[in-house]
Amino acid sequence: MADGSGSTGVRDILVPDVLGAPYTAETLELPDDDEGKVVATLVRRPATEATDRAVLHVHGFADYFFQTAYAEWWCERGYDFYALDLRKYGRSILPHQTPNYVADLAHYHPELDLAWDRVTADHPHVVLSGHSTGGLIVPLWADARHKEGRALDVRGVVLNAPWLDLQGTAWVRLGLTPVVQQVAKRQPMRIIPRTVTGLYARSLHRDHEGEWDFDLGWKPIASWPAYAGWLAAIRRGQATLHGGLALEFPALVLASTRSTTPTELGEDVHSTDIVLDVVQIRRWSSSLGHHVTYVGIEGARHDVFLSREQPRTRAFAELGRWLTAYVDA
């Protein structure tokens, strides 16, 4: 039975991306899993001039790469920008698949390995980047490679509101985990009940209350279902992080200064993290490694780089300061 481990290689064919020129996309062929054929997609946006520097970015849950302002910021600073749409996300969703589902976060390692090899073939200077769930997946992958004796030559990692723990009170976080783990063993595809207001996606999309354009088929207003097997995988990954990783390169963690749980449209929807608990992000950031910088961005949304102009500008300024001080120095 295929479990998503290993890799079959890269289909070295660049095609125009849905974002338009100069973005291109490349399909990464992966081993079949229990649902059949599996692919991931590597998107590239080159800098204006040839460079040996690059960023490799991974999106969050119910998400995919569309954050062109983030890519262009890096390109303006002489970095080629790469974004990986993981298996069963965004560009990589195939008709027979359960969107966004895996039973183990390590199943993402093959596409991360392939993307890393592709990027480092021409770029010895690479910065990793992850948002939300991607902000958990990326450091776990880098740490796993280090423990296997295959440490990655990473210059730094930028984590944008990484999902380092569950939301809610301590008794909810601790009490829910064993229940989910037991359910996942018997019924991994059982949907976990949760309240989804749709306010976050609405706050972003230009056809609703936001300023950004993205494919609502890939990033639905009502999100995607959360399954027991997937949530159990998240909790195992978070437990590993809570035990402490050993990243030896500088890490920058950015998040809003406040979390709220609004049930209707209002100011908090646009100026706080309404997806994750920033207190838990702040608490667990130091578990990433030996050199971690944490910055709270007043007025930021969950994705700080999709915030309104003022907090977004500050987030980019903080990223620039960190990059100058610790990565490009």
# chains A, B, ... in the order shown; residues from 1 in each chain; ligands from 1
$ residues_around --residues "Gly134 of chain A" --least-positions-apart "2" --cutoff "10 Å" --atoms "only C-alpha atoms" --output "PDB file with all heavy atoms, in the first residue's frame"
ATOM      1  N   HIS A  57       8.473  28.594  -0.596  1.00  0.00           N
ATOM      2  CA  HIS A  57       7.335  28.899   0.272  1.00  0.00           C
ATOM      3  C   HIS A  57       6.292  27.789   0.241  1.00  0.00           C
ATOM      4  O   HIS A  57       6.032  27.194  -0.814  1.00  0.00           O
ATOM      5  CB  HIS A  57       6.684  30.209  -0.192  1.00  0.00           C
ATOM      6  CG  HIS A  57       5.424  30.547   0.528  1.00  0.00           C
ATOM      7  ND1 HIS A  57       5.403  30.990   1.832  1.00  0.00           N
ATOM      8  CD2 HIS A  57       4.116  30.491   0.128  1.00  0.00           C
ATOM      9  CE1 HIS A  57       4.153  31.194   2.205  1.00  0.00           C
ATOM     10  NE2 HIS A  57       3.356  30.903   1.201  1.00  0.00           N
ATOM     11  N   VAL A  58       5.657  27.546   1.416  1.00  0.00           N
ATOM     12  CA  VAL A  58       4.577  26.553   1.526  1.00  0.00           C
ATOM     13  C   VAL A  58       3.369  27.212   2.193  1.00  0.00           C
ATOM     14  O   VAL A  58       3.490  27.871   3.221  1.00  0.00           O
ATOM     15  CB  VAL A  58       5.026  25.321   2.334  1.00  0.00           C
ATOM     16  CG1 VAL A  58       3.866  24.337   2.491  1.00  0.00           C
ATOM     17  CG2 VAL A  58       6.212  24.639   1.645  1.00  0.00           C
ATOM     18  N   HIS A  59       2.211  27.017   1.612  1.00  0.00           N
ATOM     19  CA  HIS A  59       0.937  27.619   2.017  1.00  0.00           C
ATOM     20  C   HIS A  59       0.360  26.945   3.257  1.00  0.00           C
ATOM     21  O   HIS A  59       0.911  25.985   3.804  1.00  0.00           O
ATOM     22  CB  HIS A  59      -0.058  27.486   0.874  1.00  0.00           C
ATOM     23  CG  HIS A  59      -0.211  26.055   0.444  1.00  0.00           C
ATOM     24  ND1 HIS A  59      -1.000  25.157   1.122  1.00  0.00           N
ATOM     25  CD2 HIS A  59       0.386  25.353  -0.562  1.00  0.00           C
ATOM     26  CE1 HIS A  59      -0.906  23.972   0.548  1.00  0.00           C
ATOM     27  NE2 HIS A  59      -0.068  24.058  -0.478  1.00  0.00           N
ATOM     28  N   GLY A  60      -0.829  27.402   3.669  1.00  0.00           N
ATOM     29  CA  GLY A  60      -1.535  26.836   4.808  1.00  0.00           C
ATOM     30  C   GLY A  60      -2.673  25.919   4.403  1.00  0.00           C
ATOM     31  O   GLY A  60      -2.807  25.535   3.236  1.00  0.00           O
ATOM     32  N   PHE A  61      -3.519  25.559   5.382  1.00  0.00           N
ATOM     33  CA  PHE A  61      -4.675  24.692   5.148  1.00  0.00           C
ATOM     34  C   PHE A  61      -5.767  25.468   4.410  1.00  0.00           C
ATOM     35  O   PHE A  61      -5.945  26.665   4.630  1.00  0.00           O
ATOM     36  CB  PHE A  61      -5.217  24.172   6.487  1.00  0.00           C
ATOM     37  CG  PHE A  61      -6.445  23.330   6.358  1.00  0.00           C
ATOM     38  CD1 PHE A  61      -6.364  22.058   5.807  1.00  0.00           C
ATOM     39  CD2 PHE A  61      -7.682  23.793   6.779  1.00  0.00           C
ATOM     40  CE1 PHE A  61      -7.506  21.267   5.678  1.00  0.00           C
ATOM     41  CE2 PHE A  61      -8.822  23.015   6.657  1.00  0.00           C
ATOM     42  CZ  PHE A  61      -8.729  21.744   6.099  1.00  0.00           C
ATOM     43  N   ASP A  63      -5.830  26.385   1.403  1.00  0.00           N
ATOM     44  CA  ASP A  63      -5.080  27.495   0.822  1.00  0.00           C
ATOM     45  C   ASP A  63      -4.262  26.975  -0.355  1.00  0.00           C
ATOM     46  O   ASP A  63      -4.213  25.772  -0.621  1.00  0.00           O
ATOM     47  CB  ASP A  63      -4.171  28.101   1.891  1.00  0.00           C
ATOM     48  CG  ASP A  63      -3.828  29.559   1.644  1.00  0.00           C
ATOM     49  OD1 ASP A  63      -4.233  30.107   0.599  1.00  0.00           O
ATOM     50  OD2 ASP A  63      -3.151  30.151   2.499  1.00  0.00           O
ATOM     51  N   LEU A  84       5.333  26.083  -3.328  1.00  0.00           N
ATOM     52  CA  LEU A  84       4.924  24.695  -3.522  1.00  0.00           C
ATOM     53  C   LEU A  84       3.466  24.521  -3.128  1.00  0.00           C
ATOM     54  O   LEU A  84       3.103  24.732  -1.972  1.00  0.00           O
ATOM     55  CB  LEU A  84       5.811  23.784  -2.660  1.00  0.00           C
ATOM     56  CG  LEU A  84       5.565  22.280  -2.754  1.00  0.00           C
ATOM     57  CD1 LEU A  84       5.850  21.768  -4.165  1.00  0.00           C
ATOM     58  CD2 LEU A  84       6.419  21.539  -1.730  1.00  0.00           C
ATOM     59  N   LEU A  86       1.210  21.884  -2.185  1.00  0.00           N
ATOM     60  CA  LEU A  86       1.345  20.510  -1.736  1.00  0.00           C
ATOM     61  C   LEU A  86       0.308  19.599  -2.388  1.00  0.00           C
ATOM     62  O   LEU A  86      -0.679  20.064  -2.968  1.00  0.00           O
ATOM     63  CB  LEU A  86       1.179  20.446  -0.217  1.00  0.00           C
ATOM     64  CG  LEU A  86       2.201  21.227   0.614  1.00  0.00           C
ATOM     65  CD1 LEU A  86       1.717  21.343   2.052  1.00  0.00           C
ATOM     66  CD2 LEU A  86       3.582  20.582   0.542  1.00  0.00           C
ATOM     67  N   SER A 129      10.043  29.380   3.722  1.00  0.00           N
ATOM     68  CA  SER A 129       8.911  30.211   4.137  1.00  0.00           C
ATOM     69  C   SER A 129       7.683  29.331   4.294  1.00  0.00           C
ATOM     70  O   SER A 129       7.453  28.421   3.493  1.00  0.00           O
ATOM     71  CB  SER A 129       8.657  31.299   3.078  1.00  0.00           C
ATOM     72  OG  SER A 129       7.450  31.992   3.320  1.00  0.00           O
ATOM     73  N   GLY A 130       6.897  29.593   5.343  1.00  0.00           N
ATOM     74  CA  GLY A 130       5.678  28.824   5.542  1.00  0.00           C
ATOM     75  C   GLY A 130       4.611  29.645   6.214  1.00  0.00           C
ATOM     76  O   GLY A 130       4.904  30.461   7.090  1.00  0.00           O
ATOM     77  N   HIS A 131       3.369  29.429   5.805  1.00  0.00           N
ATOM     78  CA  HIS A 131       2.228  30.125   6.408  1.00  0.00           C
ATOM     79  C   HIS A 131       1.293  29.124   7.058  1.00  0.00           C
ATOM     80  O   HIS A 131       0.942  28.098   6.457  1.00  0.00           O
ATOM     81  CB  HIS A 131       1.473  30.925   5.354  1.00  0.00           C
ATOM     82  CG  HIS A 131       0.138  31.429   5.812  1.00  0.00           C
ATOM     83  ND1 HIS A 131      -0.013  32.217   6.944  1.00  0.00           N
ATOM     84  CD2 HIS A 131      -1.125  31.247   5.318  1.00  0.00           C
ATOM     85  CE1 HIS A 131      -1.291  32.494   7.118  1.00  0.00           C
ATOM     86  NE2 HIS A 131      -1.987  31.917   6.150  1.00  0.00           N
ATOM     87  N   SER A 132       0.873  29.383   8.301  1.00  0.00           N
ATOM     88  CA  SER A 132      -0.140  28.605   9.007  1.00  0.00           C
ATOM     89  C   SER A 132       0.264  27.132   9.087  1.00  0.00           C
ATOM     90  O   SER A 132       1.289  26.808   9.673  1.00  0.00           O
ATOM     91  CB  SER A 132      -1.501  28.805   8.332  1.00  0.00           C
ATOM     92  OG  SER A 132      -2.556  28.449   9.198  1.00  0.00           O
ATOM     93  N   LEU A 136       4.053  24.908  10.154  1.00  0.00           N
ATOM     94  CA  LEU A 136       4.363  23.725  10.956  1.00  0.00           C
ATOM     95  C   LEU A 136       5.087  22.677  10.112  1.00  0.00           C
ATOM     96  O   LEU A 136       6.086  22.093  10.549  1.00  0.00           O
ATOM     97  CB  LEU A 136       3.063  23.139  11.516  1.00  0.00           C
ATOM     98  CG  LEU A 136       3.170  21.818  12.287  1.00  0.00           C
ATOM     99  CD1 LEU A 136       3.995  21.985  13.561  1.00  0.00           C
ATOM    100  CD2 LEU A 136       1.782  21.266  12.603  1.00  0.00           C
ATOM    101  N   ILE A 137       4.600  22.455   8.899  1.00  0.00           N
ATOM    102  CA  ILE A 137       5.155  21.421   8.032  1.00  0.00           C
ATOM    103  C   ILE A 137       6.617  21.694   7.687  1.00  0.00           C
ATOM    104  O   ILE A 137       7.466  20.790   7.742  1.00  0.00           O
ATOM    105  CB  ILE A 137       4.323  21.320   6.744  1.00  0.00           C
ATOM    106  CG1 ILE A 137       2.915  20.793   7.057  1.00  0.00           C
ATOM    107  CG2 ILE A 137       5.002  20.437   5.703  1.00  0.00           C
ATOM    108  CD1 ILE A 137       1.927  20.969   5.920  1.00  0.00           C
ATOM    109  N   VAL A 138       6.941  22.929   7.336  1.00  0.00           N
ATOM    110  CA  VAL A 138       8.293  23.260   6.874  1.00  0.00           C
ATOM    111  C   VAL A 138       9.358  23.027   7.943  1.00  0.00           C
ATOM    112  O   VAL A 138      10.364  22.342   7.686  1.00  0.00           O
ATOM    113  CB  VAL A 138       8.334  24.708   6.326  1.00  0.00           C
ATOM    114  CG1 VAL A 138       9.773  25.179   6.145  1.00  0.00           C
ATOM    115  CG2 VAL A 138       7.580  24.784   5.001  1.00  0.00           C
ATOM    116  N   PRO A 139       9.214  23.564   9.172  1.00  0.00           N
ATOM    117  CA  PRO A 139      10.254  23.292  10.166  1.00  0.00           C
ATOM    118  C   PRO A 139      10.333  21.828  10.576  1.00  0.00           C
ATOM    119  O   PRO A 139      11.440  21.330  10.865  1.00  0.00           O
ATOM    120  CB  PRO A 139       9.872  24.189  11.346  1.00  0.00           C
ATOM    121  CG  PRO A 139       8.461  24.564  11.143  1.00  0.00           C
ATOM    122  CD  PRO A 139       8.231  24.551   9.669  1.00  0.00           C
ATOM    123  N   LEU A 140       9.204  21.101  10.599  1.00  0.00           N
ATOM    124  CA  LEU A 140       9.265  19.681  10.916  1.00  0.00           C
ATOM    125  C   LEU A 140      10.056  18.922   9.860  1.00  0.00           C
ATOM    126  O   LEU A 140      10.842  18.017  10.183  1.00  0.00           O
ATOM    127  CB  LEU A 140       7.848  19.100  11.022  1.00  0.00           C
ATOM    128  CG  LEU A 140       7.034  19.506  12.250  1.00  0.00           C
ATOM    129  CD1 LEU A 140       5.612  18.941  12.134  1.00  0.00           C
ATOM    130  CD2 LEU A 140       7.683  19.039  13.544  1.00  0.00           C
ATOM    131  N   LEU A 159       8.248  32.308   9.102  1.00  0.00           N
ATOM    132  CA  LEU A 159       6.988  31.648   9.414  1.00  0.00           C
ATOM    133  C   LEU A 159       5.932  32.702   9.700  1.00  0.00           C
ATOM    134  O   LEU A 159       6.058  33.497  10.629  1.00  0.00           O
ATOM    135  CB  LEU A 159       7.159  30.711  10.613  1.00  0.00           C
ATOM    136  CG  LEU A 159       8.225  29.624  10.425  1.00  0.00           C
ATOM    137  CD1 LEU A 159       8.324  28.755  11.669  1.00  0.00           C
ATOM    138  CD2 LEU A 159       7.953  28.773   9.190  1.00  0.00           C
ATOM    139  N   ASN A 160       4.909  32.693   8.882  1.00  0.00           N
ATOM    140  CA  ASN A 160       3.824  33.666   8.920  1.00  0.00           C
ATOM    141  C   ASN A 160       2.637  33.013   9.621  1.00  0.00           C
ATOM    142  O   ASN A 160       1.958  32.163   9.051  1.00  0.00           O
ATOM    143  CB  ASN A 160       3.505  34.069   7.475  1.00  0.00           C
ATOM    144  CG  ASN A 160       2.235  34.867   7.319  1.00  0.00           C
ATOM    145  OD1 ASN A 160       1.588  35.259   8.279  1.00  0.00           O
ATOM    146  ND2 ASN A 160       1.862  35.101   6.058  1.00  0.00           N
ATOM    147  N   ALA A 161       2.407  33.386  10.900  1.00  0.00           N
ATOM    148  CA  ALA A 161       1.335  32.805  11.711  1.00  0.00           C
ATOM    149  C   ALA A 161       1.341  31.280  11.643  1.00  0.00           C
ATOM    150  O   ALA A 161       0.359  30.657  11.220  1.00  0.00           O
ATOM    151  CB  ALA A 161      -0.024  33.364  11.299  1.00  0.00           C
ATOM    152  N   PRO A 162       2.443  30.639  12.045  1.00  0.00           N
ATOM    153  CA  PRO A 162       2.511  29.175  11.976  1.00  0.00           C
ATOM    154  C   PRO A 162       1.548  28.519  12.961  1.00  0.00           C
ATOM    155  O   PRO A 162       1.331  29.024  14.068  1.00  0.00           O
ATOM    156  CB  PRO A 162       3.969  28.881  12.344  1.00  0.00           C
ATOM    157  CG  PRO A 162       4.372  30.031  13.215  1.00  0.00           C
ATOM    158  CD  PRO A 162       3.661  31.225  12.633  1.00  0.00           C
ATOM    159  N   TRP A 163       1.009  27.369  12.571  1.00  0.00           N
ATOM    160  CA  TRP A 163       0.041  26.651  13.405  1.00  0.00           C
ATOM    161  C   TRP A 163       0.804  25.739  14.369  1.00  0.00           C
ATOM    162  O   TRP A 163       0.988  24.559  14.105  1.00  0.00           O
ATOM    163  CB  TRP A 163      -0.914  25.849  12.531  1.00  0.00           C
ATOM    164  CG  TRP A 163      -2.114  25.343  13.292  1.00  0.00           C
ATOM    165  CD1 TRP A 163      -2.548  25.741  14.515  1.00  0.00           C
ATOM    166  CD2 TRP A 163      -3.037  24.336  12.838  1.00  0.00           C
ATOM    167  NE1 TRP A 163      -3.684  25.053  14.872  1.00  0.00           N
ATOM    168  CE2 TRP A 163      -4.010  24.188  13.869  1.00  0.00           C
ATOM    169  CE3 TRP A 163      -3.137  23.567  11.684  1.00  0.00           C
ATOM    170  CZ2 TRP A 163      -5.059  23.281  13.761  1.00  0.00           C
ATOM    171  CZ3 TRP A 163      -4.190  22.675  11.577  1.00  0.00           C
ATOM    172  CH2 TRP A 163      -5.141  22.533  12.601  1.00  0.00           C
TER     173      TRP A 163
END
$ select_by_dssp --residues "segment 30-277 of chain A" --states "alpha helix (DSSP H)" --output "MDAnalysis selection string"
chainID A and resid 68:76 109:120 134:147 170:186 199:204 228:242 267:271
$ residues_around --residues "Val292 of chain A" --least-positions-apart "6" --cutoff "9 Å" --atoms "only C-alpha atoms" --output "JSON, numbers by chain"
{"A": [249, 250, 251, 252, 253, 285, 286]}
$ closest_residue --among "A:Thr48, A:Thr98, A:Thr263, A:Ser307" --to "Ile191 of chain A" --atoms "only C-alpha atoms"
A:Thr98
$ residues_around --residues "Leu19 of chain A" --least-positions-apart "6" --cutoff "10 Å" --atoms "only C-alpha atoms" --output "list in words"
Ala25, Val43, Arg45, Phe65, Phe66, Gln67, Thr68 and Phe214 of chain A
$ closest_residue --among "A:Ile234, A:Ala246, A:Leu199, A:Leu30" --to "Lys147 of chain A" --atoms "only C-alpha atoms"
A:Ala246
$ select_by_dssp --residues "segment 44-108 of chain A" --states "strand (DSSP E)" --output "PyMOL selection string"
chain A and resi 44-45+53-58+80-85
$ residues_around --residues "Glu72 of chain A" --least-positions-apart "2" --cutoff "12 Å" --atoms "only C-alpha atoms" --output "list in words"
Pro22, Tyr23, Arg44, Arg45, Pro46, Ala47, Thr48, Val55, Phe66, Gln67, Thr68, Ala69, Tyr70, Trp74, Cys75, Glu76, Arg77, Gly78, Tyr79, Asp80, Phe81, Tyr82, Phe305 and Phe316 of chain A
$ write_last_selection --atoms "N, CA and C atoms" --output "JSON list (two decimals), in the first residue's frame"
[["chain", "number", "residue", "atom", "x", "y", "z"],
["A", 22, "PRO", "N", 5.08, 36.75, -15.08],
["A", 22, "PRO", "CA", 6.15, 35.80, -15.38],
["A", 22, "PRO", "C", 6.11, 34.52, -14.54],
["A", 23, "TYR", "N", 4.94, 34.19, -13.97],
["A", 23, "TYR", "CA", 4.84, 32.98, -13.15],
["A", 23, "TYR", "C", 4.74, 31.75, -14.05],
["A", 44, "ARG", "N", 7.00, 29.20, -9.93],
["A", 44, "ARG", "CA", 8.19, 30.04, -9.89],
["A", 44, "ARG", "C", 7.89, 31.43, -10.41],
["A", 45, "ARG", "N", 8.49, 32.42, -9.72],
["A", 45, "ARG", "CA", 8.46, 33.81, -10.17],
["A", 45, "ARG", "C", 9.90, 34.30, -10.12],
["A", 46, "PRO", "N", 10.55, 34.48, -11.27],
["A", 46, "PRO", "CA", 11.97, 34.86, -11.26],
["A", 46, "PRO", "C", 12.16, 36.33, -10.92],
["A", 47, "ALA", "N", 13.30, 36.61, -10.32],
["A", 47, "ALA", "CA", 13.70, 37.99, -10.09],
["A", 47, "ALA", "C", 14.01, 38.65, -11.43],
["A", 48, "THR", "N", 14.13, 39.97, -11.42],
["A", 48, "THR", "CA", 14.38, 40.71, -12.67],
["A", 48, "THR", "C", 15.71, 40.34, -13.29],
["A", 55, "VAL", "N", 13.73, 31.77, -2.56],
["A", 55, "VAL", "CA", 12.81, 31.47, -1.45],
["A", 55, "VAL", "C", 11.97, 30.28, -1.87],
["A", 66, "PHE", "N", -1.17, 32.18, -3.96],
["A", 66, "PHE", "CA", -1.69, 33.25, -4.82],
["A", 66, "PHE", "C", -1.18, 34.61, -4.35],
["A", 67, "GLN", "N", -0.34, 34.63, -3.33],
["A", 67, "GLN", "CA", 0.08, 35.87, -2.67],
["A", 67, "GLN", "C", 1.20, 36.56, -3.47],
["A", 68, "THR", "N", 0.83, 37.16, -4.58],
["A", 68, "THR", "CA", 1.81, 37.73, -5.50],
["A", 68, "THR", "C", 2.59, 38.90, -4.88],
["A", 69, "ALA", "N", 1.98, 39.67, -3.99],
["A", 69, "ALA", "CA", 2.69, 40.78, -3.37],
["A", 69, "ALA", "C", 3.87, 40.27, -2.55],
["A", 70, "TYR", "N", 3.69, 39.13, -1.91],
["A", 70, "TYR", "CA", 4.77, 38.51, -1.14],
["A", 70, "TYR", "C", 5.90, 38.05, -2.07],
["A", 74, "TRP", "N", 10.03, 39.66, -2.52],
["A", 74, "TRP", "CA", 11.29, 38.91, -2.55],
["A", 74, "TRP", "C", 12.04, 39.13, -3.87],
["A", 75, "CYS", "N", 11.31, 39.12, -4.96],
["A", 75, "CYS", "CA", 11.97, 39.29, -6.27],
["A", 75, "CYS", "C", 12.64, 40.65, -6.37],
["A", 76, "GLU", "N", 12.02, 41.68, -5.80],
["A", 76, "GLU", "CA", 12.63, 43.01, -5.82],
["A", 76, "GLU", "C", 13.93, 43.06, -5.02],
["A", 77, "ARG", "N", 14.12, 42.11, -4.13],
["A", 77, "ARG", "CA", 15.35, 42.05, -3.33],
["A", 77, "ARG", "C", 16.33, 41.02, -3.86],
["A", 78, "GLY", "N", 16.13, 40.61, -5.11],
["A", 78, "GLY", "CA", 17.11, 39.75, -5.76],
["A", 78, "GLY", "C", 16.96, 38.28, -5.48],
["A", 79, "TYR", "N", 15.75, 37.84, -5.11],
["A", 79, "TYR", "CA", 15.48, 36.43, -4.87],
["A", 79, "TYR", "C", 14.53, 35.89, -5.93],
["A", 80, "ASP", "N", 14.85, 34.73, -6.51],
["A", 80, "ASP", "CA", 13.84, 33.99, -7.26],
["A", 80, "ASP", "C", 12.86, 33.40, -6.25],
["A", 81, "PHE", "N", 11.59, 33.43, -6.56],
["A", 81, "PHE", "CA", 10.57, 32.98, -5.62],
["A", 81, "PHE", "C", 9.94, 31.69, -6.12],
["A", 82, "TYR", "N", 9.91, 30.69, -5.26],
["A", 82, "TYR", "CA", 9.27, 29.42, -5.55],
["A", 82, "TYR", "C", 8.19, 29.16, -4.50],
["A", 305, "PHE", "N", 0.71, 39.02, 5.56],
["A", 305, "PHE", "CA", 1.03, 39.66, 4.29],
["A", 305, "PHE", "C", -0.20, 39.88, 3.41],
["A", 316, "PHE", "N", 6.28, 43.72, 6.14],
["A", 316, "PHE", "CA", 7.37, 43.68, 5.16],
["A", 316, "PHE", "C", 8.60, 44.40, 5.70]]
$ closest_residue --among "A:Gly135, A:Gly296, A:Pro178, A:Pro262" --to "Leu105 of chain A" --atoms "only C-alpha atoms"
A:Gly135
$ atom_distance --atom1 "atom CA of Val39 of chain A" --atom2 "atom CA of Leu231 of chain A"
21.8 Å
$ atom_distance --atom1 "atom CA of Leu323 of chain A" --atom2 "atom CA of Val154 of chain A"
13.1 Å
